[in-house]
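Here is input29.cif, consisting of mmCIF, C-alpha atoms:
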data_upload
loop_
_atom_site.label_atom_id
_atom_site.label_comp_id
_atom_site.auth_asym_id
_atom_site.auth_seq_id
_atom_site.Cartn_x
_atom_site.Cartn_y
_atom_site.Cartn_z
CA MET D 131 -11.01 51.05 -166.88
CA THR D 132 -10.94 47.26 -167.00
CA GLU D 133 -8.77 44.96 -169.09
CA ARG D 134 -11.89 43.66 -170.85
CA LEU D 135 -12.89 47.21 -171.81
CA LEU D 136 -9.35 47.87 -173.01
CA GLN D 137 -9.59 44.78 -175.23
CA PHE D 138 -12.93 46.03 -176.54
CA ILE D 139 -11.48 49.45 -177.39
CA TRP D 140 -8.52 47.85 -179.18
CA GLN D 141 -10.63 45.26 -181.01
CA PHE D 142 -12.93 47.87 -182.53
CA GLN D 143 -10.30 50.63 -182.70
CA TYR D 144 -12.42 53.03 -180.63
CA TYR D 145 -9.59 55.51 -180.02
CA ASN D 146 -7.92 58.38 -181.82
CA THR D 147 -5.68 56.71 -184.41
CA ALA D 148 -4.13 59.92 -185.79
CA ASN D 149 -0.34 60.37 -185.54
CA LEU D 150 0.31 57.29 -183.47
CA THR D 151 3.70 56.90 -181.81
CA THR D 152 5.23 54.39 -179.44
CA THR D 153 6.10 55.48 -175.91
CA LEU D 154 9.65 56.00 -177.24
CA GLY D 155 8.40 58.44 -179.88
CA GLU D 156 8.68 56.18 -182.94
CA PRO D 157 5.97 56.58 -185.64
CA LEU D 158 3.42 53.76 -185.44
CA GLN D 159 0.84 52.56 -187.94
CA ILE D 160 -1.73 49.82 -187.23
CA ILE D 161 -2.41 47.78 -190.38
CA THR D 162 -4.48 45.10 -188.63
CA GLN D 163 -5.12 45.00 -184.90
CA GLY D 164 -5.13 41.20 -184.76
CA LYS D 165 -7.78 38.68 -183.80
CA LEU D 166 -9.04 38.50 -180.22
CA ASN D 167 -7.67 35.40 -178.53
CA THR D 168 -10.10 33.76 -176.09
CA ASN D 169 -7.62 31.03 -175.16
CA GLN D 170 -4.31 31.05 -173.29
CA GLY D 171 -1.66 33.42 -174.58
CA PRO D 172 -1.54 36.96 -175.99
CA ASP D 173 -4.71 39.03 -176.22
CA PHE D 174 -4.59 39.50 -180.01
CA LEU D 175 -3.05 37.21 -182.60
CA HIS D 176 -1.79 37.74 -186.16
CA ALA D 177 -1.55 41.53 -186.04
CA LYS D 178 0.36 43.66 -188.51
CA ILE D 179 1.93 47.03 -187.69
CA ILE D 180 4.60 49.40 -188.97
CA ILE D 181 7.08 51.00 -186.56
CA GLY D 182 9.25 53.56 -188.26
CA ASN D 183 10.01 51.96 -191.61
CA THR D 184 9.79 48.36 -190.44
CA THR D 185 6.74 46.13 -190.85
CA TRP D 186 6.04 43.68 -188.03
CA VAL D 187 3.72 40.68 -187.99
CA GLY D 188 2.93 38.94 -184.73
CA ASN D 189 0.89 39.20 -181.54
CA ILE D 190 -0.24 42.07 -179.30
CA GLU D 191 -0.63 42.07 -175.54
CA LEU D 192 -2.78 44.55 -173.56
CA HIS D 193 -2.40 45.61 -169.93
CA LEU D 194 -3.83 48.31 -167.71
CA ALA D 195 -0.27 49.19 -166.67
CA SER D 196 2.96 48.35 -168.44
CA SER D 197 4.35 46.86 -165.20
CA ASP D 198 1.68 44.13 -165.43
CA TRP D 199 3.97 42.48 -167.99
CA LEU D 200 6.42 41.65 -165.22
CA ALA D 201 3.69 40.95 -162.67
CA HIS D 202 2.22 38.32 -165.02
CA GLN D 203 5.72 36.88 -165.70
CA HIS D 204 5.34 37.11 -169.48
CA SER D 205 9.08 37.48 -170.07
CA SER D 206 9.68 33.84 -169.16
CA ASP D 207 6.58 32.53 -170.96
CA THR D 208 7.22 31.28 -174.52
CA ASN D 209 3.59 32.07 -175.42
CA TYR D 210 4.65 35.73 -175.40
CA SER D 211 7.84 35.41 -177.43
CA ASN D 212 6.33 36.97 -180.55
CA ILE D 213 4.81 40.16 -179.10
CA ILE D 214 5.24 43.06 -181.52
CA LEU D 215 3.37 45.71 -179.49
CA HIS D 216 2.42 46.25 -175.86
CA VAL D 217 -0.79 48.29 -175.62
CA VAL D 218 -1.25 49.88 -172.18
CA TRP D 219 -3.63 52.23 -170.43
CA GLN D 220 -0.93 53.59 -168.15
CA ASN D 221 2.83 53.63 -168.77
CA ASP D 222 4.74 53.09 -165.54
CA GLY D 223 8.03 52.04 -167.11
CA ASP D 224 9.59 50.38 -170.14
CA VAL D 225 9.36 46.60 -170.50
CA ILE D 226 12.34 44.48 -171.49
CA ASP D 227 11.33 41.49 -173.60
CA GLY D 228 12.96 38.05 -173.63
CA SER D 229 15.66 39.18 -176.10
CA GLY D 230 16.74 42.05 -173.85
CA SER D 231 15.20 44.79 -176.02
CA ILE D 232 12.66 47.40 -174.98
CA LEU D 233 9.20 46.16 -176.01
CA PRO D 234 7.43 48.74 -178.25
CA ALA D 235 4.43 50.15 -176.40
CA LEU D 236 1.38 52.27 -177.24
CA LEU D 237 -0.29 54.39 -174.55
CA LEU D 238 -4.06 54.62 -175.03
CA SER D 239 -5.36 56.59 -172.02
CA SER D 240 -5.01 59.98 -173.75
CA ARG D 241 -6.64 58.73 -176.97
CA VAL D 242 -9.96 57.31 -175.73
CA PRO D 243 -12.96 59.69 -175.48
CA LYS D 244 -13.97 60.34 -171.88
CA ILE D 245 -17.62 59.94 -172.83
CA LEU D 246 -16.95 56.30 -173.79
CA ILE D 247 -15.48 55.58 -170.36
CA ASP D 248 -18.32 57.45 -168.62
CA ARG D 249 -20.99 55.64 -170.61
CA TYR D 250 -19.37 52.28 -169.90
CA GLU D 251 -19.29 53.07 -166.18
CA ALA D 252 -22.97 54.06 -166.34
CA LEU D 253 -23.84 50.75 -167.98
CA MET D 254 -21.87 48.77 -165.40
CA HIS D 255 -23.57 50.52 -162.47
CA SER D 256 -27.08 50.73 -163.87
CA GLN D 257 -29.93 49.58 -161.65
CA ASP D 258 -32.53 49.81 -164.42
CA PHE D 259 -34.43 46.89 -165.94
CA VAL D 260 -31.43 46.48 -168.28
CA PRO D 261 -28.21 48.56 -168.35
CA SER D 262 -29.10 49.95 -171.80
CA GLN D 263 -32.60 51.08 -170.79
CA GLN D 264 -31.88 54.81 -171.19
CA HIS D 265 -30.70 54.25 -174.78
CA LEU D 266 -33.32 51.79 -176.08
CA PRO D 267 -34.22 50.73 -178.67
CA ALA D 268 -30.62 51.66 -179.73
CA LEU D 269 -30.55 49.32 -182.74
CA SER D 270 -32.40 49.57 -186.04
CA LYS D 271 -35.08 46.97 -186.85
CA ILE D 272 -32.60 45.13 -189.05
CA GLY D 273 -29.97 45.34 -186.32
CA TRP D 274 -32.39 43.91 -183.77
CA LEU D 275 -33.45 41.09 -186.10
CA SER D 276 -29.85 40.02 -186.69
CA TRP D 277 -29.01 40.20 -182.98
CA LYS D 278 -32.13 38.27 -181.98
CA GLU D 279 -31.34 35.47 -184.42
CA ARG D 280 -27.86 35.16 -182.95
CA LEU D 281 -29.27 35.19 -179.40
CA VAL D 282 -31.72 32.40 -180.19
CA ALA D 283 -28.94 30.34 -181.75
CA GLU D 284 -26.86 30.82 -178.58
CA ARG D 285 -29.85 29.91 -176.41
CA LEU D 286 -30.48 26.69 -178.34
CA GLN D 287 -26.77 25.83 -178.36
CA ARG D 288 -26.73 26.20 -174.58
CA LYS D 289 -29.89 24.16 -174.10
CA SER D 290 -28.47 21.51 -176.40
CA GLN D 291 -25.73 20.84 -173.85
CA THR D 292 -28.42 19.78 -171.37
CA VAL D 293 -30.09 17.57 -173.96
CA ILE D 294 -26.80 15.87 -174.85
CA ALA D 295 -26.17 15.23 -171.14
CA TYR D 296 -29.59 13.57 -170.99
CA LEU D 297 -28.68 11.54 -174.07
CA LYS D 298 -25.68 10.04 -172.27
CA ASP D 299 -27.93 9.07 -169.35
CA ALA D 300 -30.37 7.47 -171.79
CA GLY D 301 -27.76 5.39 -173.57
CA ASN D 302 -28.13 7.43 -176.79
CA HIS D 303 -31.88 6.72 -176.95
CA TRP D 304 -33.49 9.89 -178.34
CA GLU D 305 -37.09 8.76 -177.74
CA GLN D 306 -36.18 8.22 -174.08
CA VAL D 307 -34.62 11.68 -173.83
CA PHE D 308 -37.68 13.27 -175.38
CA TRP D 309 -39.96 11.39 -172.99
CA TRP D 310 -38.02 12.67 -169.98
CA MET D 311 -38.05 16.26 -171.17
CA LEU D 312 -41.69 16.16 -172.27
CA ALA D 313 -42.67 14.88 -168.84
CA ARG D 314 -40.63 17.66 -167.25
CA ASN D 315 -42.55 20.23 -169.27
CA PHE D 316 -45.90 18.75 -168.21
CA GLY D 317 -44.88 19.21 -164.59
CA ILE D 318 -44.67 22.98 -165.16
CA LYS D 319 -42.18 24.85 -163.01
CA VAL D 320 -43.47 23.63 -159.64
CA ASN D 321 -43.38 19.91 -160.39
CA ALA D 322 -40.83 19.78 -163.23
CA ASP D 323 -38.22 17.81 -161.28
CA ILE D 324 -40.80 15.38 -159.89
CA PHE D 325 -42.38 14.73 -163.28
CA GLU D 326 -38.97 14.11 -164.79
CA SER D 327 -38.23 11.65 -161.99
CA ILE D 328 -41.52 9.86 -162.74
CA ALA D 329 -40.53 9.60 -166.39
CA ARG D 330 -37.07 8.31 -165.52
CA SER D 331 -38.61 5.68 -163.23
CA ILE D 332 -40.62 4.11 -166.07
CA PRO D 333 -38.60 3.04 -169.14
CA ILE D 334 -40.22 4.11 -172.38
CA ASN D 335 -40.35 0.52 -173.65
CA ILE D 336 -42.70 -0.34 -170.76
CA LEU D 337 -45.00 2.53 -171.66
CA ALA D 338 -44.95 1.38 -175.30
CA ARG D 339 -46.26 -2.05 -174.28
CA HIS D 340 -49.27 -0.45 -172.62
CA LYS D 341 -49.91 2.48 -174.95
CA ASN D 342 -53.24 1.04 -176.17
CA GLN D 343 -54.71 0.91 -172.66
CA ILE D 344 -55.14 4.43 -171.27
CA HIS D 345 -56.07 3.22 -167.78
CA GLN D 346 -52.84 1.21 -167.59
CA LEU D 347 -50.80 4.26 -168.60
CA GLU D 348 -52.57 6.41 -166.03
CA GLY D 349 -52.07 3.73 -163.40
CA LEU D 350 -48.33 3.61 -164.09
CA LEU D 351 -47.85 7.39 -164.04
CA LEU D 352 -50.14 8.21 -161.13
CA GLY D 353 -48.90 5.21 -159.18
CA GLN D 354 -45.24 6.17 -159.57
CA ALA D 355 -46.21 9.68 -158.46
CA GLY D 356 -47.61 8.25 -155.22
CA LEU D 357 -51.13 9.46 -156.04
CA LEU D 358 -52.85 6.05 -155.86
CA GLN D 359 -52.18 5.40 -152.20
CA GLY D 360 -55.01 5.07 -149.69
CA SER D 361 -58.62 3.98 -150.21
CA PHE D 362 -61.07 5.35 -152.79
CA ALA D 363 -64.84 5.38 -153.09
CA GLU D 364 -65.11 5.59 -156.90
CA ASP D 365 -64.56 2.68 -159.27
CA TYR D 366 -62.06 4.41 -161.59
CA PRO D 367 -59.32 5.14 -159.03
CA LYS D 368 -59.84 1.62 -157.66
CA LEU D 369 -59.22 0.27 -161.16
CA LEU D 370 -56.05 2.35 -161.49
CA GLN D 371 -54.92 1.09 -158.10
CA ARG D 372 -55.31 -2.53 -159.17
CA GLU D 373 -53.52 -1.95 -162.45
CA TYR D 374 -50.65 -0.21 -160.76
CA ALA D 375 -50.30 -2.85 -158.05
CA PHE D 376 -50.00 -5.56 -160.72
CA TYR D 377 -47.50 -3.75 -162.93
CA GLN D 378 -45.48 -2.33 -160.08
CA LYS D 379 -44.78 -5.90 -159.00
CA LYS D 380 -44.28 -7.17 -162.56
CA TYR D 381 -41.72 -4.48 -163.46
CA ALA D 382 -40.26 -4.00 -159.97
CA LEU D 383 -41.14 -0.30 -160.06
CA LYS D 384 -40.21 1.95 -157.15
CA PRO D 385 -42.62 4.87 -156.62
CA LEU D 386 -41.18 8.29 -155.84
CA SER D 387 -40.63 9.15 -152.20
CA VAL D 388 -41.84 12.72 -152.79
CA LYS D 389 -45.33 13.43 -154.13
CA PRO D 390 -46.13 16.23 -156.61
CA PHE D 391 -47.24 19.59 -155.20
CA PHE D 392 -50.85 20.84 -155.37
CA LEU D 393 -50.58 23.91 -153.12
CA ARG D 394 -51.52 27.32 -154.56
CA MET D 395 -52.02 25.85 -158.01
CA ARG D 396 -54.85 26.33 -160.50
CA PRO D 397 -56.95 23.12 -160.67
CA ALA D 398 -56.24 22.82 -164.42
CA ASN D 399 -52.55 22.43 -163.51
CA PHE D 400 -53.06 19.87 -160.74
CA PRO D 401 -50.55 17.03 -161.20
CA THR D 402 -53.43 14.56 -161.49
CA ILE D 403 -54.69 16.39 -164.60
CA ARG D 404 -51.23 16.93 -166.08
CA LEU D 405 -50.30 13.26 -165.64
CA ALA D 406 -53.63 12.16 -167.17
CA GLN D 407 -52.94 14.43 -170.17
CA LEU D 408 -49.39 13.09 -170.46
CA ALA D 409 -50.78 9.55 -170.45
CA MET D 410 -53.10 10.51 -173.31
CA VAL D 411 -50.21 11.90 -175.36
CA ILE D 412 -48.52 8.50 -175.07
CA HIS D 413 -51.80 6.72 -175.82
CA LYS D 414 -52.43 8.73 -178.99
CA SER D 415 -48.92 8.62 -180.43
CA SER D 416 -46.29 6.15 -181.56
CA HIS D 417 -42.58 6.93 -181.69
CA LEU D 418 -43.48 10.53 -180.96
CA PHE D 419 -40.02 12.02 -181.37
CA THR D 420 -39.63 10.35 -184.75
CA GLN D 421 -42.97 11.80 -185.84
CA ILE D 422 -41.85 15.24 -184.72
CA LYS D 423 -38.54 14.95 -186.58
CA GLU D 424 -40.38 14.09 -189.77
CA ALA D 425 -43.09 16.74 -189.41
CA ASP D 426 -42.98 19.43 -192.09
CA SER D 427 -45.15 22.04 -190.43
CA ILE D 428 -45.94 23.52 -187.05
CA SER D 429 -49.60 22.62 -187.59
CA ALA D 430 -48.64 18.93 -187.76
CA ILE D 431 -46.96 19.25 -184.36
CA LYS D 432 -50.00 20.97 -182.89
CA THR D 433 -52.20 18.15 -184.19
CA LEU D 434 -50.02 15.58 -182.40
CA LEU D 435 -50.46 17.50 -179.13
CA SER D 436 -54.15 18.29 -179.50
CA ILE D 437 -55.36 15.79 -176.93
CA SER D 438 -57.83 15.67 -174.06
CA ALA D 439 -57.50 13.66 -170.86
CA ASN D 440 -59.58 10.53 -170.30
CA ASP D 441 -63.35 11.03 -169.79
CA TYR D 442 -63.13 10.55 -166.01
CA TRP D 443 -61.13 13.74 -165.72
CA HIS D 444 -63.77 15.84 -167.49
CA TYR D 445 -65.70 15.57 -164.21
CA HIS D 446 -62.76 15.57 -161.79
CA TYR D 447 -59.61 17.39 -160.77
CA LEU D 448 -59.01 14.96 -157.90
CA PHE D 449 -60.11 11.41 -157.19
CA ASP D 450 -63.47 11.02 -155.43
CA GLN D 451 -64.31 14.73 -155.84
CA PRO D 452 -66.75 15.17 -158.76
CA VAL D 453 -67.11 18.63 -160.31
CA ALA D 454 -69.07 20.16 -163.19
CA TYR D 455 -68.19 18.90 -166.66
CA LYS D 456 -65.12 20.57 -168.18
CA PRO D 457 -62.99 18.87 -170.85
CA LYS D 458 -59.33 18.67 -169.78
CA GLN D 459 -57.80 19.52 -173.14
CA LEU D 460 -54.27 20.75 -173.70
CA GLY D 461 -54.82 24.44 -174.37
CA ARG D 462 -53.29 26.42 -177.20
CA GLN D 463 -50.89 28.23 -174.86
CA THR D 464 -49.77 24.94 -173.28
CA ILE D 465 -49.13 23.39 -176.69
CA ASN D 466 -47.09 26.42 -177.75
CA ASN D 467 -45.11 26.18 -174.53
CA ILE D 468 -44.31 22.52 -175.19
CA ILE D 469 -43.13 23.35 -178.71
CA ILE D 470 -41.01 26.32 -177.59
CA ASN D 471 -39.44 24.84 -174.47
CA THR D 472 -39.23 21.12 -175.22
CA ILE D 473 -39.69 20.20 -178.88
CA VAL D 474 -37.54 22.95 -180.38
CA PRO D 475 -34.56 22.51 -177.98
CA VAL D 476 -34.52 18.71 -178.34
CA LEU D 477 -34.90 18.87 -182.11
CA PHE D 478 -32.17 21.53 -182.39
CA ALA D 479 -29.88 19.36 -180.24
CA TYR D 480 -30.58 16.41 -182.52
CA GLY D 481 -29.70 18.61 -185.50
CA LEU D 482 -26.37 19.46 -183.88
CA TYR D 483 -25.75 15.82 -182.96
CA ALA D 484 -26.56 14.58 -186.47
CA ASN D 485 -24.98 17.58 -188.20
CA ASP D 486 -28.34 18.27 -189.84
CA GLU D 487 -28.50 21.98 -190.70
CA THR D 488 -31.94 21.60 -192.30
CA LEU D 489 -33.38 20.33 -189.04
CA LYS D 490 -31.85 23.20 -187.07
CA GLN D 491 -33.26 25.74 -189.51
CA LYS D 492 -36.68 24.10 -189.22
CA THR D 493 -36.72 24.71 -185.46
CA LEU D 494 -35.94 28.40 -186.00
CA ARG D 495 -38.70 28.63 -188.58
CA TRP D 496 -41.18 27.05 -186.19
CA LEU D 497 -40.28 29.57 -183.50
CA SER D 498 -40.85 32.43 -185.96
CA GLU D 499 -44.30 31.00 -186.77
CA LEU D 500 -45.46 30.82 -183.14
CA PRO D 501 -46.99 33.76 -181.27
CA PRO D 502 -44.69 35.62 -178.87
CA GLU D 503 -44.44 34.69 -175.22
CA LYS D 504 -45.89 37.34 -172.98
CA ASN D 505 -44.34 37.67 -169.56
CA THR D 506 -42.82 40.31 -167.29
CA ILE D 507 -39.54 40.38 -169.20
CA THR D 508 -40.96 40.62 -172.73
CA LYS D 509 -43.48 43.25 -171.65
CA GLN D 510 -40.67 45.39 -170.25
CA TRP D 511 -38.69 45.14 -173.46
CA GLN D 512 -41.75 46.25 -175.40
CA ARG D 513 -42.28 49.13 -173.00
CA PHE D 514 -38.87 50.48 -174.03
CA GLY D 515 -39.49 50.14 -177.76
CA VAL D 516 -38.11 46.67 -178.52
CA ASP D 517 -40.40 44.52 -180.69
CA ASN D 518 -41.66 41.10 -179.63
CA GLU D 519 -43.52 39.77 -182.66
CA ASN D 520 -43.08 35.98 -182.42
CA ALA D 521 -41.65 33.22 -180.23
CA LEU D 522 -38.22 33.53 -181.81
CA GLU D 523 -38.06 37.15 -180.69
CA SER D 524 -39.41 36.45 -177.21
CA GLN D 525 -36.86 33.66 -176.71
CA ALA D 526 -34.14 36.06 -177.84
CA LEU D 527 -35.29 38.74 -175.40
CA LEU D 528 -35.30 36.25 -172.52
CA GLU D 529 -31.77 35.19 -173.45
CA LEU D 530 -30.62 38.79 -173.70
CA LYS D 531 -32.07 39.77 -170.33
CA ASN D 532 -30.97 36.69 -168.36
CA ASN D 533 -27.60 35.91 -169.92
CA TYR D 534 -26.33 39.31 -171.02
CA CYS D 535 -28.04 42.19 -169.21
CA ASN D 536 -28.24 40.56 -165.78
CA GLN D 537 -24.54 39.71 -166.05
CA PHE D 538 -23.54 43.13 -167.45
CA ARG D 539 -22.04 41.59 -170.60
CA CYS D 540 -22.47 44.88 -172.45
CA LEU D 541 -19.16 44.56 -174.28
CA GLU D 542 -20.34 41.30 -175.87
CA CYS D 543 -23.78 42.67 -176.74
CA ALA D 544 -24.82 44.31 -180.01
CA VAL D 545 -26.85 46.86 -178.06
CA GLY D 546 -23.97 47.68 -175.72
CA ASN D 547 -21.61 47.91 -178.68
CA ARG D 548 -23.93 50.34 -180.42
CA ILE D 549 -24.21 52.54 -177.34
CA LEU D 550 -20.44 52.71 -176.85
CA LYS D 551 -19.74 53.10 -180.56
CA ALA D 552 -21.96 56.18 -180.61
CA THR D 553 -19.44 57.90 -178.32
CA HIS D 554 -16.53 57.37 -180.72
#

Translate the structure described by the file into structure tokens.
Amino acid sequence: MTERLLQFIWQFQYYNTANLTTTLGEPLQIITQGKLNTNQGPDFLHAKIIIGNTTWVGNIELHLASSDWLAHQHSSDTNYSNIILHVVWQNDGDVIDGSGSILPALLLSSRVPKILIDRYEALMHSQDFVPSQQHLPALSKIGWLSWKERLVAERLQRKSQTVIAYLKDAGNHWEQVFWWMLARNFGIKVNADIFESIARSIPINILARHKNQIHQLEGLLLGQAGLLQGSFAEDYPKLLQREYAFYQKKYALKPLSVKPFFLRMRPANFPTIRLAQLAMVIHKSSHLFTQIKEADSISAIKTLLSISANDYWHYHYLFDQPVAYKPKQLGRQTINNIIINTIVPVLFAYGLYANDETLKQKTLRWLSELPPEKNTITKQWQRFGVDNENALESQALLELKNNYCNQFRCLECAVGNRILKATH
């Protein structure tokens, strides 16, 4: 038994409520168990009970043992001056409250089904893919849909904190924030930090001045990445070198000290290609974040991102190394990834910041219109009977696995609640 599990049992009244009495033998009736308090003070607030013939309204405190009241020094704490009931798992002595009276107590250990305790212990010690694996899918389709929507909202709320932190760094400039996070996405996992650093090293107003000249944009990005150093045989990299040398001096730019990684990477994801594609996004758009905010449909967003790198890159992955012709377009999966992991979180954060519920709902709608992400985690969920029909659901399943299951937060989870409720 843990104190958190005891709170869970009390909150949902998962115990035998027939013929309740206090530890002193007085008849007890629970009218309302109170509201769980997640801040300092008693565990449950605004409860209502009847002891004997007297109705009491106040707070309720829970402990594994009644002696914990003294151990936690509650008698001298004014936060606990209005406790009307002490709920305990074990009774190892009466408690005297601040007024000198014996605090009414309810013993729960004999009223909770053993199967609930056993199932909770099994969840906490599970080594399966998720603790609930043996009970999946556990929820109905409607139950899963409701839980997934809440999980996605939590995920976007959490990601919004990162976006707002970026906003402070950017001096409340949303286009700048979006540029940083878009660049980070283009770097994929391996080069995400480096690409973000490149973006931070070139103010967006400088890029805007040169947006009509793709070779200048490429020169700025590739130069800041340290990829224009050395000598080249072909004319195009020489041109980029000259452009970068001029604008580096003009804008006092400092190239990164660490170059992007190429090792064990598919050529289509080489940083040269990804930076060239990023340059083309800038070249083809104007006030991109504003356009995204105003877009009505997911297809409009996909159109904005449907770009191909400059012609030189159709025949290259690296400078001075020609290859067979292959257009370096942003693929459908890459575009979906940008929408899911960059556009939606930034737009949701903007909705929170501007108190724009319509904008927040639009991001959720866009997720529901995108195909599901397919990865090791989502495939495992599907293996155990949990649907993954769109990007909203796949994002929810990632959140559930990483921020609930991996941390054994079963008592806060709709699935865990359902499993434990089935024992009552």

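Atom pair CA of Lys551 in chain D / CA of Tyr144 in chain D has a distance of 7.3 Å (rounded to one decimal).
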
Next item on the list: Convert the output of the PyMOL selection byres ((chain D and resi 375) around 12) on the shown file into explicit residues, formatted as a PyMOL selection string.
Entry: chain D and resi 346+349-350+352-354+356+358-359+368-374+376-385

Check: Counting all atoms listed in the file, what is within 7 Å of Ile180 in chain D, bar same-chain residues fewer than 2 positions away, as a ChimeraX atom specification?
Finding: /D:158-160,182-186

Margin query: Env of range 515-524 of chain D: 10 Å cut, atoms = all atoms listed in the file, seq-sep filter 5 positions within chain, self excluded. Answer as a PyMOL selection string.
Written below: chain D and resi 263+266-271+274-275+277-279+281-283+466-467+470+493-505+507-510+529-530

For the residues selected in the previous step, produce a file with C-alpha atoms as a PDB file, in the coordinates of the input.
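Ended up saving to again.pdb:
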ATOM      1  CA  GLN D 263     -32.600  51.080-170.790  1.00  0.00           C
ATOM      2  CA  LEU D 266     -33.320  51.790-176.080  1.00  0.00           C
ATOM      3  CA  PRO D 267     -34.220  50.730-178.670  1.00  0.00           C
ATOM      4  CA  ALA D 268     -30.620  51.660-179.730  1.00  0.00           C
ATOM      5  CA  LEU D 269     -30.550  49.320-182.740  1.00  0.00           C
ATOM      6  CA  SER D 270     -32.400  49.570-186.040  1.00  0.00           C
ATOM      7  CA  LYS D 271     -35.080  46.970-186.850  1.00  0.00           C
ATOM      8  CA  TRP D 274     -32.390  43.910-183.770  1.00  0.00           C
ATOM      9  CA  LEU D 275     -33.450  41.090-186.100  1.00  0.00           C
ATOM     10  CA  TRP D 277     -29.010  40.200-182.980  1.00  0.00           C
ATOM     11  CA  LYS D 278     -32.130  38.270-181.980  1.00  0.00           C
ATOM     12  CA  GLU D 279     -31.340  35.470-184.420  1.00  0.00           C
ATOM     13  CA  LEU D 281     -29.270  35.190-179.400  1.00  0.00           C
ATOM     14  CA  VAL D 282     -31.720  32.400-180.190  1.00  0.00           C
ATOM     15  CA  ALA D 283     -28.940  30.340-181.750  1.00  0.00           C
ATOM     16  CA  ASN D 466     -47.090  26.420-177.750  1.00  0.00           C
ATOM     17  CA  ASN D 467     -45.110  26.180-174.530  1.00  0.00           C
ATOM     18  CA  ILE D 470     -41.010  26.320-177.590  1.00  0.00           C
ATOM     19  CA  THR D 493     -36.720  24.710-185.460  1.00  0.00           C
ATOM     20  CA  LEU D 494     -35.940  28.400-186.000  1.00  0.00           C
ATOM     21  CA  ARG D 495     -38.700  28.630-188.580  1.00  0.00           C
ATOM     22  CA  TRP D 496     -41.180  27.050-186.190  1.00  0.00           C
ATOM     23  CA  LEU D 497     -40.280  29.570-183.500  1.00  0.00           C
ATOM     24  CA  SER D 498     -40.850  32.430-185.960  1.00  0.00           C
ATOM     25  CA  GLU D 499     -44.300  31.000-186.770  1.00  0.00           C
ATOM     26  CA  LEU D 500     -45.460  30.820-183.140  1.00  0.00           C
ATOM     27  CA  PRO D 501     -46.990  33.760-181.270  1.00  0.00           C
ATOM     28  CA  PRO D 502     -44.690  35.620-178.870  1.00  0.00           C
ATOM     29  CA  GLU D 503     -44.440  34.690-175.220  1.00  0.00           C
ATOM     30  CA  LYS D 504     -45.890  37.340-172.980  1.00  0.00           C
ATOM     31  CA  ASN D 505     -44.340  37.670-169.560  1.00  0.00           C
ATOM     32  CA  ILE D 507     -39.540  40.380-169.200  1.00  0.00           C
ATOM     33  CA  THR D 508     -40.960  40.620-172.730  1.00  0.00           C
ATOM     34  CA  LYS D 509     -43.480  43.250-171.650  1.00  0.00           C
ATOM     35  CA  GLN D 510     -40.670  45.390-170.250  1.00  0.00           C
ATOM     36  CA  GLU D 529     -31.770  35.190-173.450  1.00  0.00           C
ATOM     37  CA  LEU D 530     -30.620  38.790-173.700  1.00  0.00           C
TER      38      LEU D 530
END

Next item on the list: May I have the residues within 6 Å of Glu191 in chain D as a PyMOL selection string, using all atoms listed in the file and disregarding those fewer than 5 positions away in the same chain?
Entry: chain D and resi 172-173+216

Next item on the list: Evaluate the PyMOL selection byres ((chain D and resi 415) around 12) and record the selected residues as number ranges by chain, following the chain and residue labels used in the document.
Entry: D: 309, 337-338, 340-342, 344, 408-414, 416-422, 431, 433-437

Could those residues be written to a file, using C-alpha atoms, as a compact mmCIF listing (two decimals), in the coordinates of the input?
# COMPACT_ATOMS: atom_id res chain seq x y z
CA TRP D 309 -39.96 11.39 -172.99
CA LEU D 337 -45.00 2.53 -171.66
CA ALA D 338 -44.95 1.38 -175.30
CA HIS D 340 -49.27 -0.45 -172.62
CA LYS D 341 -49.91 2.48 -174.95
CA ASN D 342 -53.24 1.04 -176.17
CA ILE D 344 -55.14 4.43 -171.27
CA LEU D 408 -49.39 13.09 -170.46
CA ALA D 409 -50.78 9.55 -170.45
CA MET D 410 -53.10 10.51 -173.31
CA VAL D 411 -50.21 11.90 -175.36
CA ILE D 412 -48.52 8.50 -175.07
CA HIS D 413 -51.80 6.72 -175.82
CA LYS D 414 -52.43 8.73 -178.99
CA SER D 416 -46.29 6.15 -181.56
CA HIS D 417 -42.58 6.93 -181.69
CA LEU D 418 -43.48 10.53 -180.96
CA PHE D 419 -40.02 12.02 -181.37
CA THR D 420 -39.63 10.35 -184.75
CA GLN D 421 -42.97 11.80 -185.84
CA ILE D 422 -41.85 15.24 -184.72
CA ILE D 431 -46.96 19.25 -184.36
CA THR D 433 -52.20 18.15 -184.19
CA LEU D 434 -50.02 15.58 -182.40
CA LEU D 435 -50.46 17.50 -179.13
CA SER D 436 -54.15 18.29 -179.50
CA ILE D 437 -55.36 15.79 -176.93

Check: Residues at most 12 Å from Asp323 in chain D, counting all atoms listed in the file, excluding those fewer than 4 positions away in the same chain, as a ChimeraX atom specification?
Finding: /D:310-319,327-330,355,386,388-391

Notebook entry, point to check: When you draw a straight line from CA of His193 in chain D to CA of Val218 in chain D, how long is it in Å?
Noted result: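 Separation between CA of His193 in chain D and CA of Val218 in chain D: 5.0 Å.
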
Check: Could you write out as a PyMOL selection string the residues that the PyMOL selection byres ((chain D and resi 472-483) around 7) matches in the shown file?
Finding: chain D and resi 286+289-290+293+308+311-312+315+423+468-471+484-487+489-490+493

Next item on the list: Please indicate the distance in Å from CA of Ser276 in chain D to CA of Cys543 in chain D, rounded to one decimal place.
Entry: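 Here the two named atoms are 12.0 Å from each other.
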